[in-house]
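Asker: Pasting run.cif here (mmCIF, C-alpha atoms and all ligand atoms):
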data_model
loop_
_atom_site.label_atom_id
_atom_site.label_comp_id
_atom_site.auth_asym_id
_atom_site.auth_seq_id
_atom_site.Cartn_x
_atom_site.Cartn_y
_atom_site.Cartn_z
CA MET A 20 27.42 25.16 5.71
CA LYS A 21 28.15 21.50 6.27
CA ILE A 22 25.61 18.73 6.88
CA GLY A 23 25.85 15.09 7.93
CA ILE A 24 24.10 11.96 6.69
CA LEU A 25 23.83 8.46 8.09
CA ASN A 26 21.96 5.26 7.19
CA SER A 27 20.69 3.23 10.09
CA GLY A 28 18.89 -0.11 10.48
CA GLY A 29 18.81 -2.78 7.78
CA ASP A 30 20.15 -1.81 4.37
CA CYS A 31 17.79 -1.43 1.45
CA PRO A 32 18.14 -0.92 -2.32
CA GLY A 33 18.08 2.82 -3.03
CA LEU A 34 20.12 4.04 -0.05
CA ASN A 35 22.94 5.09 -2.35
CA ALA A 36 20.43 6.95 -4.52
CA VAL A 37 19.47 9.00 -1.45
CA ILE A 38 23.15 9.79 -0.82
CA HIS A 39 23.45 10.76 -4.49
CA GLY A 40 20.44 13.11 -4.15
CA VAL A 41 21.77 14.67 -0.94
CA VAL A 42 25.29 15.26 -2.27
CA GLY A 43 24.02 16.67 -5.57
CA ALA A 44 21.53 19.07 -3.95
CA ALA A 45 23.99 20.14 -1.24
CA ASP A 46 26.69 20.77 -3.83
CA ARG A 47 24.37 23.08 -5.76
CA LEU A 48 23.90 25.09 -2.53
CA GLY A 49 27.65 25.20 -1.96
CA TRP A 50 27.37 22.96 1.12
CA GLY A 51 29.71 20.18 2.21
CA VAL A 52 28.44 16.72 3.22
CA VAL A 53 29.91 14.39 5.82
CA GLY A 54 28.89 10.71 5.72
CA PHE A 55 28.91 8.74 8.98
CA ARG A 56 29.82 5.07 8.81
CA ASP A 57 27.66 2.30 10.31
CA GLY A 58 24.65 4.36 11.27
CA PHE A 59 24.61 6.39 14.48
CA GLU A 60 27.70 4.46 15.61
CA GLY A 61 29.68 6.72 13.28
CA LEU A 62 28.95 9.62 15.60
CA LEU A 63 30.73 7.95 18.50
CA SER A 64 34.20 7.93 17.10
CA PRO A 65 36.31 10.72 15.53
CA ASP A 66 37.44 8.53 12.63
CA MET A 67 34.14 7.06 11.45
CA HIS A 68 33.15 9.70 8.95
CA PHE A 69 34.37 11.04 5.62
CA GLU A 70 33.58 13.80 3.20
CA LEU A 71 31.11 12.93 0.45
CA THR A 72 31.66 14.75 -2.82
CA ARG A 73 30.22 14.66 -6.31
CA TYR A 74 33.35 12.77 -7.32
CA ASN A 75 33.55 10.04 -4.69
CA THR A 76 29.81 9.37 -5.02
CA ASN A 77 29.82 9.33 -8.81
CA GLY A 78 27.97 6.26 -10.15
CA ILE A 79 26.65 5.03 -6.78
CA VAL A 80 22.99 5.45 -7.75
CA LYS A 81 22.94 1.98 -9.29
CA LEU A 82 24.59 0.21 -6.34
CA GLY A 83 22.68 -1.84 -3.80
CA GLY A 84 23.50 -1.66 -0.08
CA THR A 85 25.05 1.55 1.19
CA ILE A 86 28.53 2.97 0.74
CA LEU A 87 28.27 4.30 4.32
CA GLY A 88 27.61 0.94 5.97
CA THR A 89 24.82 0.49 8.48
CA THR A 90 23.75 -1.51 11.52
CA ASN A 91 20.54 -2.48 13.25
CA LYS A 92 22.38 -3.11 16.51
CA GLY A 93 24.77 -1.07 18.66
CA HIS A 94 24.39 1.83 21.09
CA PHE A 95 21.44 3.47 19.34
CA ALA A 96 19.16 0.46 18.71
CA ALA A 97 15.76 1.76 19.78
CA LYS A 98 13.63 -1.33 19.27
CA VAL A 99 13.62 -4.46 21.43
CA GLY A 100 11.52 -7.65 21.50
CA ALA A 101 8.18 -7.44 19.75
CA GLY A 102 8.45 -3.71 18.97
CA ASP A 103 9.07 -2.11 22.38
CA VAL A 104 11.07 1.10 22.30
CA MET A 105 14.09 2.06 24.39
CA ALA A 106 15.56 5.56 24.78
CA VAL A 107 19.22 6.06 23.90
CA PRO A 108 21.19 6.72 27.15
CA ALA A 109 22.17 10.36 27.83
CA GLU A 110 25.94 9.68 27.91
CA ILE A 111 25.78 8.12 24.41
CA VAL A 112 23.80 11.06 23.03
CA SER A 113 26.24 13.58 24.50
CA LYS A 114 29.26 11.73 23.09
CA ALA A 115 27.59 11.80 19.66
CA LYS A 116 26.77 15.48 20.10
CA LYS A 117 30.43 16.28 20.66
CA THR A 118 31.39 14.74 17.29
CA PHE A 119 28.53 16.58 15.60
CA THR A 120 29.52 19.93 17.13
CA ASP A 121 33.27 19.45 16.57
CA LEU A 122 32.55 18.91 12.86
CA GLY A 123 30.57 22.16 12.76
CA LEU A 124 27.51 20.52 11.20
CA GLY A 125 24.32 22.51 10.63
CA GLY A 126 22.01 19.55 10.05
CA LEU A 127 21.84 15.76 10.14
CA ILE A 128 19.92 13.53 7.72
CA VAL A 129 18.89 10.21 9.25
CA VAL A 130 17.86 7.61 6.69
CA GLY A 131 16.09 4.82 8.53
CA GLY A 132 13.01 2.81 9.37
CA ASP A 133 10.79 2.87 12.44
CA GLY A 134 13.58 2.20 14.98
CA SER A 135 16.09 4.68 13.54
CA LEU A 136 13.47 7.38 13.13
CA THR A 137 12.51 6.84 16.78
CA THR A 138 16.12 7.63 17.68
CA ALA A 139 16.00 10.63 15.31
CA MET A 140 12.91 11.89 17.12
CA GLN A 141 14.70 11.64 20.47
CA LEU A 142 17.55 13.74 19.08
CA VAL A 143 15.09 16.32 17.71
CA ARG A 144 13.50 16.59 21.16
CA GLU A 145 16.98 17.19 22.57
CA GLY A 146 17.49 20.09 20.16
CA TRP A 147 19.40 18.46 17.27
CA PRO A 148 18.76 19.83 13.76
CA VAL A 149 17.66 16.48 12.33
CA VAL A 150 15.48 15.53 9.35
CA GLY A 151 14.40 11.98 8.51
CA VAL A 152 14.22 9.97 5.31
CA PRO A 153 12.03 6.84 5.47
CA LYS A 154 13.71 3.60 4.43
CA THR A 155 12.43 0.05 4.51
CA ILE A 156 11.78 -2.75 2.08
CA ASP A 157 8.80 -3.70 4.28
CA ASN A 158 6.79 -0.59 3.27
CA ASP A 159 5.41 -0.52 6.83
CA LEU A 160 5.87 3.16 7.73
CA GLN A 161 2.89 5.40 8.25
CA ALA A 162 2.78 8.86 6.70
CA THR A 163 4.39 7.85 3.42
CA ALA A 164 2.56 5.98 0.67
CA THR A 165 5.72 4.04 -0.10
CA THR A 166 9.43 3.86 0.62
CA PHE A 167 12.32 3.25 -1.76
CA GLY A 168 13.55 -0.36 -1.60
CA PHE A 169 10.07 -1.86 -1.55
CA HIS A 170 9.79 -1.96 -5.32
CA SER A 171 13.18 -3.69 -5.64
CA ALA A 172 12.20 -6.28 -3.01
CA VAL A 173 8.94 -6.98 -4.84
CA ALA A 174 10.88 -7.38 -8.10
CA SER A 175 13.03 -10.05 -6.40
CA VAL A 176 9.93 -11.91 -5.24
CA VAL A 177 8.41 -11.80 -8.72
CA GLY A 178 11.65 -13.09 -10.25
CA ALA A 179 11.80 -15.91 -7.70
CA LEU A 180 8.18 -16.90 -8.41
CA ASP A 181 8.85 -16.94 -12.14
CA ASN A 182 11.66 -19.41 -11.52
CA LEU A 183 9.73 -21.49 -9.02
CA HIS A 184 6.88 -21.74 -11.50
CA THR A 185 8.93 -23.49 -14.18
CA THR A 186 10.47 -26.05 -11.84
CA GLY A 187 7.25 -26.49 -9.85
CA THR A 188 5.06 -27.18 -12.86
CA SER A 189 7.65 -29.57 -14.33
CA HIS A 190 7.49 -31.70 -11.16
CA LYS A 191 3.83 -31.05 -10.38
CA ARG A 192 4.80 -29.67 -7.00
CA VAL A 193 3.51 -27.07 -4.59
CA MET A 194 6.25 -24.44 -4.29
CA VAL A 195 6.13 -22.39 -1.09
CA LEU A 196 8.07 -19.11 -1.04
CA GLU A 197 8.66 -17.37 2.30
CA VAL A 198 9.27 -13.64 1.97
CA MET A 199 10.23 -10.79 4.33
CA GLY A 200 8.12 -7.92 5.63
CA ARG A 201 8.01 -8.33 9.44
CA GLN A 202 4.46 -7.52 10.63
CA ALA A 203 3.38 -6.20 7.22
CA GLY A 204 2.28 -8.29 4.26
CA TRP A 205 3.08 -5.74 1.54
CA ILE A 206 5.99 -7.63 -0.01
CA ALA A 207 4.01 -10.88 -0.06
CA LEU A 208 0.89 -9.23 -1.46
CA HIS A 209 2.57 -7.25 -4.24
CA GLY A 210 5.10 -9.97 -5.02
CA GLY A 211 2.40 -12.65 -5.08
CA LEU A 212 0.16 -10.60 -7.31
CA GLY A 213 2.99 -9.73 -9.70
CA GLY A 214 4.26 -13.31 -9.75
CA ASP A 215 0.86 -14.93 -10.31
CA ALA A 216 0.73 -16.82 -7.00
CA ASP A 217 -2.20 -19.11 -6.23
CA VAL A 218 -2.12 -18.54 -2.49
CA ILE A 219 -0.83 -15.56 -0.47
CA LEU A 220 -0.63 -15.69 3.32
CA LEU A 221 -0.31 -12.37 5.15
CA PRO A 222 0.05 -11.35 8.80
CA GLU A 223 -3.04 -9.16 8.35
CA ILE A 224 -5.30 -12.06 7.25
CA PRO A 225 -4.92 -15.06 9.59
CA TYR A 226 -5.29 -18.27 7.60
CA SER A 227 -6.79 -21.72 8.00
CA ILE A 228 -4.41 -24.39 6.70
CA GLU A 229 -7.41 -26.56 5.83
CA LYS A 230 -8.68 -23.86 3.48
CA VAL A 231 -5.27 -23.47 1.90
CA ALA A 232 -4.98 -27.24 1.44
CA ALA A 233 -8.50 -27.43 0.01
CA ARG A 234 -7.56 -24.84 -2.63
CA VAL A 235 -4.37 -26.72 -3.53
CA LYS A 236 -6.27 -29.98 -3.82
CA GLU A 237 -9.09 -28.48 -5.88
CA ARG A 238 -6.74 -26.84 -8.39
CA MET A 239 -4.36 -29.76 -8.74
CA ASP A 240 -7.15 -32.33 -8.96
CA ASP A 241 -8.53 -30.12 -11.70
CA GLY A 242 -5.30 -30.46 -13.68
CA GLN A 243 -3.21 -27.45 -12.67
CA PRO A 244 0.36 -28.75 -12.92
CA GLY A 245 1.83 -26.86 -9.95
CA MET A 246 0.95 -24.32 -7.28
CA LEU A 247 2.72 -21.20 -6.04
CA VAL A 248 2.19 -20.28 -2.39
CA VAL A 249 3.69 -17.03 -1.04
CA VAL A 250 3.99 -16.82 2.73
CA ALA A 251 4.93 -13.59 4.51
CA GLU A 252 7.39 -14.27 7.34
CA GLY A 253 4.86 -12.72 9.75
CA ALA A 254 1.87 -14.79 8.58
CA LYS A 255 0.00 -16.69 11.25
CA PRO A 256 -2.85 -19.21 11.40
CA ALA A 257 -6.16 -18.04 12.88
CA GLY A 258 -5.81 -18.41 16.63
CA GLY A 259 -2.09 -19.18 16.36
CA GLY A 260 1.16 -17.23 16.65
CA GLN A 261 4.04 -16.17 14.44
CA VAL A 262 7.14 -18.34 14.01
CA LYS A 263 10.14 -16.58 15.56
CA LYS A 264 13.86 -17.20 15.65
CA ALA A 265 15.16 -16.84 19.19
CA GLN A 266 17.09 -13.61 19.69
CA ALA A 267 17.91 -12.15 23.08
CA GLY A 268 17.97 -8.40 23.75
CA ALA A 269 17.15 -7.21 20.23
CA GLU A 270 14.12 -6.91 18.00
CA ASP A 271 12.37 -10.24 17.33
CA ARG A 272 13.39 -12.02 14.12
CA LEU A 273 10.71 -13.88 12.21
CA GLY A 274 11.19 -16.92 9.97
CA GLY A 275 10.26 -20.55 9.50
CA ILE A 276 6.55 -20.28 8.71
CA GLY A 277 7.09 -21.27 5.05
CA GLN A 278 8.46 -24.68 5.98
CA GLN A 279 5.64 -25.22 8.44
CA VAL A 280 2.99 -24.36 5.85
CA ALA A 281 4.63 -26.64 3.24
CA GLU A 282 4.74 -29.61 5.62
CA GLN A 283 1.08 -29.13 6.54
CA ILE A 284 -0.06 -28.83 2.91
CA GLU A 285 1.86 -31.98 1.99
CA LYS A 286 0.39 -33.88 4.92
CA ILE A 287 -3.21 -32.89 4.16
CA THR A 288 -3.15 -33.10 0.35
CA GLY A 289 -0.51 -35.74 -0.32
CA ARG A 290 0.97 -33.40 -2.94
CA GLU A 291 4.72 -32.95 -2.95
CA CYS A 292 5.81 -29.56 -1.55
CA ARG A 293 9.10 -27.67 -1.55
CA THR A 294 10.03 -24.55 0.41
CA CYS A 295 12.24 -21.66 -0.61
CA VAL A 296 13.16 -18.86 1.82
CA LEU A 297 14.04 -15.81 -0.26
CA GLY A 298 15.66 -14.01 2.69
CA HIS A 299 18.25 -11.33 2.05
CA LEU A 300 18.11 -11.74 -1.71
CA GLN A 301 15.18 -9.33 -1.32
CA ARG A 302 17.39 -6.70 0.27
CA GLY A 303 20.50 -7.04 -1.83
CA GLY A 304 21.35 -6.08 -5.38
CA SER A 305 20.79 -3.06 -7.58
CA PRO A 306 17.74 -0.90 -6.98
CA THR A 307 15.06 -0.82 -9.66
CA ALA A 308 14.78 2.35 -11.77
CA LEU A 309 11.81 3.41 -9.67
CA ASP A 310 13.75 3.08 -6.40
CA ARG A 311 16.71 5.00 -7.83
CA ILE A 312 14.40 7.85 -8.81
CA LEU A 313 12.49 7.84 -5.52
CA GLY A 314 15.70 7.65 -3.48
CA THR A 315 17.24 10.57 -5.36
CA ARG A 316 14.10 12.68 -4.91
CA PHE A 317 14.01 11.83 -1.18
CA GLY A 318 17.65 12.95 -0.84
CA VAL A 319 16.96 16.25 -2.58
CA MET A 320 13.94 16.91 -0.36
CA ALA A 321 15.97 16.17 2.80
CA VAL A 322 18.46 18.90 1.85
CA GLN A 323 15.62 21.33 1.12
CA LEU A 324 14.14 20.63 4.57
CA ILE A 325 17.46 21.53 6.20
CA ARG A 326 17.78 24.63 4.01
CA ASP A 327 14.30 25.70 5.19
CA ARG A 328 15.13 24.77 8.83
CA GLN A 329 12.25 22.27 8.89
CA PHE A 330 13.89 20.13 11.57
CA GLY A 331 11.92 17.23 13.05
CA ARG A 332 10.30 16.49 9.72
CA MET A 333 10.52 13.38 7.59
CA VAL A 334 10.45 13.18 3.82
CA SER A 335 7.23 11.58 2.65
CA TYR A 336 5.66 10.43 -0.61
CA GLN A 337 1.95 11.03 -1.14
CA SER A 338 -0.14 11.24 -4.30
CA TYR A 339 2.96 11.02 -6.55
CA GLN A 340 4.58 14.02 -4.81
CA VAL A 341 7.56 14.09 -2.47
CA GLY A 342 6.83 16.31 0.55
CA SER A 343 7.28 16.04 4.29
CA VAL A 344 5.49 15.28 7.57
CA PRO A 345 6.50 15.51 11.26
CA ILE A 346 8.63 12.45 12.11
CA GLU A 347 6.27 11.51 14.93
CA HIS A 348 3.48 10.95 12.40
CA ALA A 349 5.49 8.12 10.87
CA VAL A 350 6.80 6.13 13.83
CA HIS A 351 5.24 3.57 16.18
CA ARG A 352 2.23 3.15 13.93
CA LEU A 353 2.67 0.46 11.36
CA HIS A 354 1.30 0.82 7.86
CA LEU A 355 -0.37 -2.56 7.32
CA VAL A 356 -2.37 -4.17 4.52
CA ASP A 357 -6.08 -3.45 4.85
CA PRO A 358 -7.88 -6.76 4.20
CA GLN A 359 -10.76 -4.76 2.69
CA SER A 360 -8.58 -2.73 0.32
CA GLU A 361 -8.95 -2.64 -3.45
CA ILE A 362 -5.68 -4.53 -4.02
CA VAL A 363 -6.79 -7.45 -1.83
CA HIS A 364 -10.14 -7.48 -3.64
CA ALA A 365 -8.33 -7.48 -6.99
CA ALA A 366 -6.21 -10.42 -5.86
CA ARG A 367 -9.31 -12.33 -4.78
CA ALA A 368 -11.00 -11.43 -8.07
CA VAL A 369 -8.29 -13.23 -10.03
CA GLY A 370 -8.67 -16.31 -7.84
CA ILE A 371 -5.90 -15.85 -5.28
CA CYS A 372 -6.63 -17.60 -1.98
CA PHE A 373 -5.73 -15.89 1.32
CA GLY A 374 -6.62 -18.93 3.39
CA ASP A 375 -9.54 -17.20 5.14
O1 LIG A 401 13.01 -4.66 8.05
C1 LIG A 401 13.67 -5.19 6.94
C2 LIG A 401 13.92 -6.66 7.11
O2 LIG A 401 14.56 -7.12 5.94
C3 LIG A 401 12.70 -7.49 7.44
O3 LIG A 401 11.87 -7.72 6.34
C4 LIG A 401 13.34 -8.73 8.02
O4 LIG A 401 12.47 -9.39 8.91
C5 LIG A 401 14.51 -8.17 8.75
O5 LIG A 401 14.80 -6.90 8.18
C6 LIG A 401 15.74 -9.02 8.70
O6 LIG A 401 16.72 -8.43 9.50
P1 LIG A 401 18.22 -8.92 9.56
O7 LIG A 401 18.92 -8.39 8.34
O8 LIG A 401 18.73 -8.35 10.82
O9 LIG A 401 18.20 -10.43 9.55
#
Translate the structure described by the file into structure tokens.

Answerer:
Amino acid sequence: MKIGILNSGGDCPGLNAVIHGVVGAADRLGWGVVGFRDGFEGLLSPDMHFELTRYNTNGIVKLGGTILGTTNKGHFAAKVGAGDVMAVPAEIVSKAKKTFTDLGLGGLIVVGGDGSLTTAMQLVREGWPVVGVPKTIDNDLQATATTFGFHSAVASVVGALDNLHTTGTSHKRVMVLEVMGRQAGWIALHGGLGGDADVILLPEIPYSIEKVAARVKERMDDGQPGMLVVVAEGAKPAGGGQVKKAQAGAEDRLGGIGQQVAEQIEKITGRECRTCVLGHLQRGGSPTALDRILGTRFGVMAVQLIRDRQFGRMVSYQSYQVGSVPIEHAVHRLHLVDPQSEIVHAARAVGICFGD
């Protein structure tokens, strides 16, 4: 038995831990593993794959990124614009199928987010023996309580806030940190809570800039030496829209709201503001211990699903257990922050302002 694995979409800390889990579990079953380079693109060419062994994957669990490479573009990109979905053309799928068949593979593990798992689902419907592993720092997939990579991204946000706090308080400034997450505010919410932010702006809770400014003014007039404001890249004012970077023919890219919020706070309050866009620092670097463990467990479960011929299923994490769900339960339905949830209430209880 030989199986294949690919990473697709944006990279994320913990991808190498998944590979580690897959190779280890497959090895114990006496199976071989083939890794495809650059996501599904690796299926389109006879020289874009290589054998993964215990030896050439030794020590990768601590590495960020992915040793396989990945892409969120190319022939298999399922998502366009503001989340519309496109099917992969038949001639591309059949070219990929030829590589898969020529290699004599008995299963394919697709490690990806919403877009890549949409492609995986198309392949399942066309009879491929595919299982999915959820991957995203945004934590926005349904049917899994969390994904690996999220914890590492939150750790980066907390570290950044710790640093912004010391410089911000020294200068008595309002420090605005823009973080990733697309349409979901999970990174901003957890990062802001862990980093002791004063204000957190989320896509799920439209804000009023006047209320944000009023909170800044109140606290700083009261003697607080600096303020930390975390803004999710997808945050939007009540009645307003998200700030997007122009991008033709691919999924929309968000960004720029942090600067806008900082300029408005400065204008209304007269307090000096500075903006920091954390960007890809949230995606890069070594995974946290938690993400290494979760990634490894996800990889092991993916191999078990293939062993049990549970094709069309995705590894999932619920109630501290790794299990699985049908892939279609996870895609096209975003897992968003519930404004009425306990964590939002806890944040409000410690005085964090959401601008509403
Ligand atoms: O989905 C993960 C993510 O990091 C988002 O949080 C962010 O909006 C996007 O990917 C950035 O994508 P890219 O690496 O293509 O700029």

Asker: List all protein, DNA and RNA residues that have at least one atom no more than 10 Å from any atom of ligand LIG 401 (chain A), counting only C-alpha atoms and all ligand atoms, and write them as a ChimeraX atom specification.

Answerer: /A:28-31,90-92,131-134,154-159,168-169,172,198-204,206,251-253,269-274,298-303

Asker: Quick one: distance from atom CA of A:Phe317 to atom CA of A:Gly178 in Å, one decimal?

Answerer: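 Between these atoms lies a distance of 26.6 Å.
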
Asker: Find the residue from A:Ala179, A:Val152, A:Val53, A:Ala308 that sits nearest to A:Met333; use only C-alpha atoms when measuring.

Answerer: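 Going through A:Ala179, A:Val152, A:Val53, A:Ala308 one by one, the smallest distance to A:Met333 is for A:Val152.
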
Asker: Calculate how many Å separate atom CA of A:Arg316 from atom CA of A:Pro32, rounding to one decimal.

Answerer: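 We find that atom CA of A:Arg316 and atom CA of A:Pro32 lie 14.4 Å from each other.
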
Asker: Between A:Ile346, A:Cys372, A:Val334, A:Val363, which one has atoms that come closest to A:Ile228, using all atoms listed in the file?

Answerer: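 Using all atoms listed in the file, the shortest distance to A:Ile228 belongs to A:Cys372.
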
Asker: Calculate how many Å separate atom CA of A:Gly258 from atom CA of A:Glu197, rounding to one decimal.

Answerer: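 Value for the atom CA of A:Gly258-atom CA of A:Glu197 distance: 20.4 Å.
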
Asker: Please provide as a ChimeraX atom specification all residues within 10 Å of A:Gly88, with the sequence filter that same-chain residues fewer than 4 positions apart are discarded (counting only C-alpha atoms).

Answerer: /A:25-30,54-58,61,84

Asker: Could you pull the residues within 6 Å of A:Gly214, counting only C-alpha atoms, minus those fewer than 4 positions along the same chain, as a list in words?

Answerer: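 Non-adjacent residues within range: Val177, Leu180 and Gly210 of chain A.
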
Asker: Can I get the selected residues back with C-alpha atoms, as a PDB file, in the frame of the given file?

Answerer:
ATOM      1  CA  VAL A 177       8.410 -11.800  -8.720  1.00  0.00           C
ATOM      2  CA  LEU A 180       8.180 -16.900  -8.410  1.00  0.00           C
ATOM      3  CA  GLY A 210       5.100  -9.970  -5.020  1.00  0.00           C
TER       4      GLY A 210
END

Asker: For A:Gly123, please output as a list in words all residues within 9 Å (counting all atoms listed in the file; exclusion window: fewer than 4 positions along the same chain).

Answerer: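 Non-adjacent residues within range: Met20, Lys21, Ile22, Thr118 and Phe119 of chain A.
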
Asker: Could you name the residues that touch stretch 278-292 of chain A at 6 Å or less, counting all atoms listed in the file, but leaving out those on the same chain fewer than 5 positions away, as an MDAnalysis selection string?

Answerer: chainID A and resid 192:194 232

Asker: With C-alpha atoms retained, write the just-selected residues as a PDB file, keeping the file's coordinate frame.

Answerer:
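selection-v9.pdb written:
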ATOM      1  CA  ARG A 192       4.800 -29.670  -7.000  1.00  0.00           C
ATOM      2  CA  VAL A 193       3.510 -27.070  -4.590  1.00  0.00           C
ATOM      3  CA  MET A 194       6.250 -24.440  -4.290  1.00  0.00           C
ATOM      4  CA  ALA A 232      -4.980 -27.240   1.440  1.00  0.00           C
TER       5      ALA A 232
END

Asker: Got a sec: who's within 9 Å of A:Val143, counting all atoms listed in the file, leaving out chain neighbours fewer than 6 positions off, as a ChimeraX atom specification?

Answerer: /A:149-150,330-331

Asker: Return the single residue from A:Arg367, A:Arg328, A:Lys263, A:Arg47 that is closest to A:Trp147, with distances computed using all atoms listed in the file.

Answerer: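 Nearest candidate to A:Trp147 out of A:Arg367, A:Arg328, A:Lys263, A:Arg47: A:Arg328.
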
Asker: So, with all atoms listed in the file as the atoms that count, which of A:Gln161, A:Ser113, A:Ser175, A:Thr76 lies closest to A:Thr307?

Answerer: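 The closest residue to A:Thr307 is A:Ser175.
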
Asker: Smallest atom-to-atom distance to A:Val176: which of A:Val296, A:Ile79, A:Ala106, A:Arg234, using only C-alpha atoms?

Answerer: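 Checking each of A:Val296, A:Ile79, A:Ala106, A:Arg234 against A:Val176, counting only C-alpha atoms, the winner is A:Val296.
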
Asker: Out of A:Lys191, A:Ser305, A:Arg332, A:Lys255, which residue has the shortest atom-to-atom distance to A:Glu347 when counting all atoms listed in the file?

Answerer: A:Arg332

Asker: Scan for residues within 12 Å of the point (20.1, 15.4, 2.8) in the coordinates of the file, using only C-alpha atoms, and reply as a PyMOL selection string.

Answerer: chain A and resi 21-26+34-46+48+50-54+71+125-130+148-152+314-326+330+333-334

Asker: Can you tell me, as lines of an AutoDock Vina configuration file, the centre and edge lengths (Å, one decimal) of the axis-aligned box enclosing all of stretch 272-280 of chain A's listed atoms after padding each side by 8 Å?

Answerer:
center_x = 8.2
center_y = -18.6
center_z = 9.6
size_x = 26.4
size_y = 29.2
size_z = 25.1
